[in-house]
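In what follows, a single structure is set out as structure tokens and then discussed.
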Amino acid sequence: MKIIGGTASKEGAFVGLKNGAVFKIFVDNSFPIPILNHNIPIKVIDVSQKKKRLAIVDANNNLTVYDLSTKE
């Protein structure tokens, strides 16, 4: 999980799951937003300062960086 902050009551987080799914969750929204599916269990997740790229380290210790606008 990576906390991304935000304005008061609009804080959020990126969450990577064991099934490889990545979601964005906001405190004021009860529904998670699906971001992408990595297909390998996720160990570590991080986001760039401008929130344009998402870095994932999976269970195979491989680093993958995704562009959040294109999902590539």
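Identifiers for the structure tokens are assigned positionally: chains receive A, B, ... in sequence, residues are indexed from 1 per chain, and ligands are indexed from 1 in the order shown.
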key: Residue contacts of Val22 of chain A (9 Å, only C-alpha atoms) excluding same-chain residues fewer than 5 positions away, as a PyMOL selection string   = chain A and resi 14-17+33-38+42
task = Identify, on the basis of only C-alpha atoms, every residue whose closest approach to Val47 of chain A does not exceed 12 Å; exclude the query and any residue fewer than 5 positions from it along the same chain; express the result as a count of residues only.
result = 22
inquiry  = Can you tell me which residues surround Asp58 of chain A at a distance of at most 9 Å, considering only C-alpha atoms, apart from same-chain residues fewer than 2 positions away, and format the answer as a PyMOL selection string?
reply    = chain A and resi 20+38+40-45+56+60-64
Write the residues of the preceding selection, restricted to N, CA and C atoms, as a PDB file, in the first residue's frame.
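File again.pdb, as written:
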```pdb
ATOM      1  N   GLY A  20      -2.526  -9.630  -7.843  1.00  0.00           N
ATOM      2  CA  GLY A  20      -1.924  -8.756  -8.845  1.00  0.00           C
ATOM      3  C   GLY A  20      -2.740  -7.526  -9.187  1.00  0.00           C
ATOM      4  N   HIS A  38      -1.697  -6.872 -12.653  1.00  0.00           N
ATOM      5  CA  HIS A  38      -0.307  -7.259 -12.896  1.00  0.00           C
ATOM      6  C   HIS A  38      -0.126  -8.771 -13.065  1.00  0.00           C
ATOM      7  N   ILE A  40       0.743 -11.109 -11.139  1.00  0.00           N
ATOM      8  CA  ILE A  40       1.690 -11.725 -10.210  1.00  0.00           C
ATOM      9  C   ILE A  40       1.488 -11.031  -8.861  1.00  0.00           C
ATOM     10  N   PRO A  41       1.529 -11.761  -7.741  1.00  0.00           N
ATOM     11  CA  PRO A  41       1.357 -11.114  -6.434  1.00  0.00           C
ATOM     12  C   PRO A  41       2.312  -9.933  -6.247  1.00  0.00           C
ATOM     13  N   ILE A  42       1.807  -8.870  -5.663  1.00  0.00           N
ATOM     14  CA  ILE A  42       2.570  -7.628  -5.496  1.00  0.00           C
ATOM     15  C   ILE A  42       3.136  -7.556  -4.084  1.00  0.00           C
ATOM     16  N   LYS A  43       4.444  -7.262  -3.998  1.00  0.00           N
ATOM     17  CA  LYS A  43       5.106  -7.114  -2.703  1.00  0.00           C
ATOM     18  C   LYS A  43       5.197  -5.653  -2.292  1.00  0.00           C
ATOM     19  N   VAL A  44       5.605  -4.784  -3.218  1.00  0.00           N
ATOM     20  CA  VAL A  44       5.815  -3.363  -2.922  1.00  0.00           C
ATOM     21  C   VAL A  44       5.228  -2.537  -4.048  1.00  0.00           C
ATOM     22  N   ILE A  45       4.650  -1.408  -3.691  1.00  0.00           N
ATOM     23  CA  ILE A  45       4.075  -0.504  -4.677  1.00  0.00           C
ATOM     24  C   ILE A  45       4.479   0.921  -4.322  1.00  0.00           C
ATOM     25  N   ILE A  56       6.058  -1.245  -9.342  1.00  0.00           N
ATOM     26  CA  ILE A  56       5.622  -2.443  -8.631  1.00  0.00           C
ATOM     27  C   ILE A  56       6.782  -3.420  -8.553  1.00  0.00           C
ATOM     28  N   ASN A  60       8.234 -12.232  -7.722  1.00  0.00           N
ATOM     29  CA  ASN A  60       9.441 -12.740  -8.374  1.00  0.00           C
ATOM     30  C   ASN A  60      10.600 -11.754  -8.261  1.00  0.00           C
ATOM     31  N   ASN A  61      10.428 -10.693  -7.458  1.00  0.00           N
ATOM     32  CA  ASN A  61      11.413  -9.623  -7.267  1.00  0.00           C
ATOM     33  C   ASN A  61      11.738  -8.874  -8.557  1.00  0.00           C
ATOM     34  N   ASN A  62      10.775  -8.778  -9.463  1.00  0.00           N
ATOM     35  CA  ASN A  62      10.920  -7.994 -10.687  1.00  0.00           C
ATOM     36  C   ASN A  62      10.295  -6.626 -10.486  1.00  0.00           C
ATOM     37  N   LEU A  63      10.990  -5.605 -10.953  1.00  0.00           N
ATOM     38  CA  LEU A  63      10.477  -4.239 -10.893  1.00  0.00           C
ATOM     39  C   LEU A  63       9.813  -3.915 -12.218  1.00  0.00           C
ATOM     40  N   THR A  64       8.567  -3.448 -12.166  1.00  0.00           N
ATOM     41  CA  THR A  64       7.833  -3.028 -13.350  1.00  0.00           C
ATOM     42  C   THR A  64       7.298  -1.630 -13.093  1.00  0.00           C
TER      43      THR A  64
END
```
note = Atom pair atom CA of Asp46 of chain A + atom CA of Asn29 of chain A, distance 21.3 Å
Distance of atom CA of Ala8 of chain A from atom CA of Ile25 of chain A, expressed in Å to one decimal place =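 So the two atoms, atom CA of Ile25 of chain A and atom CA of Ala8 of chain A, lie 14.7 Å apart.
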ask   = What does the distance between atom CA of Asn39 of chain A and atom CA of Ala59 of chain A come to in Å, to one decimal place?
value =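 Atom CA of Ala59 of chain A lies 10.5 Å from atom CA of Asn39 of chain A.
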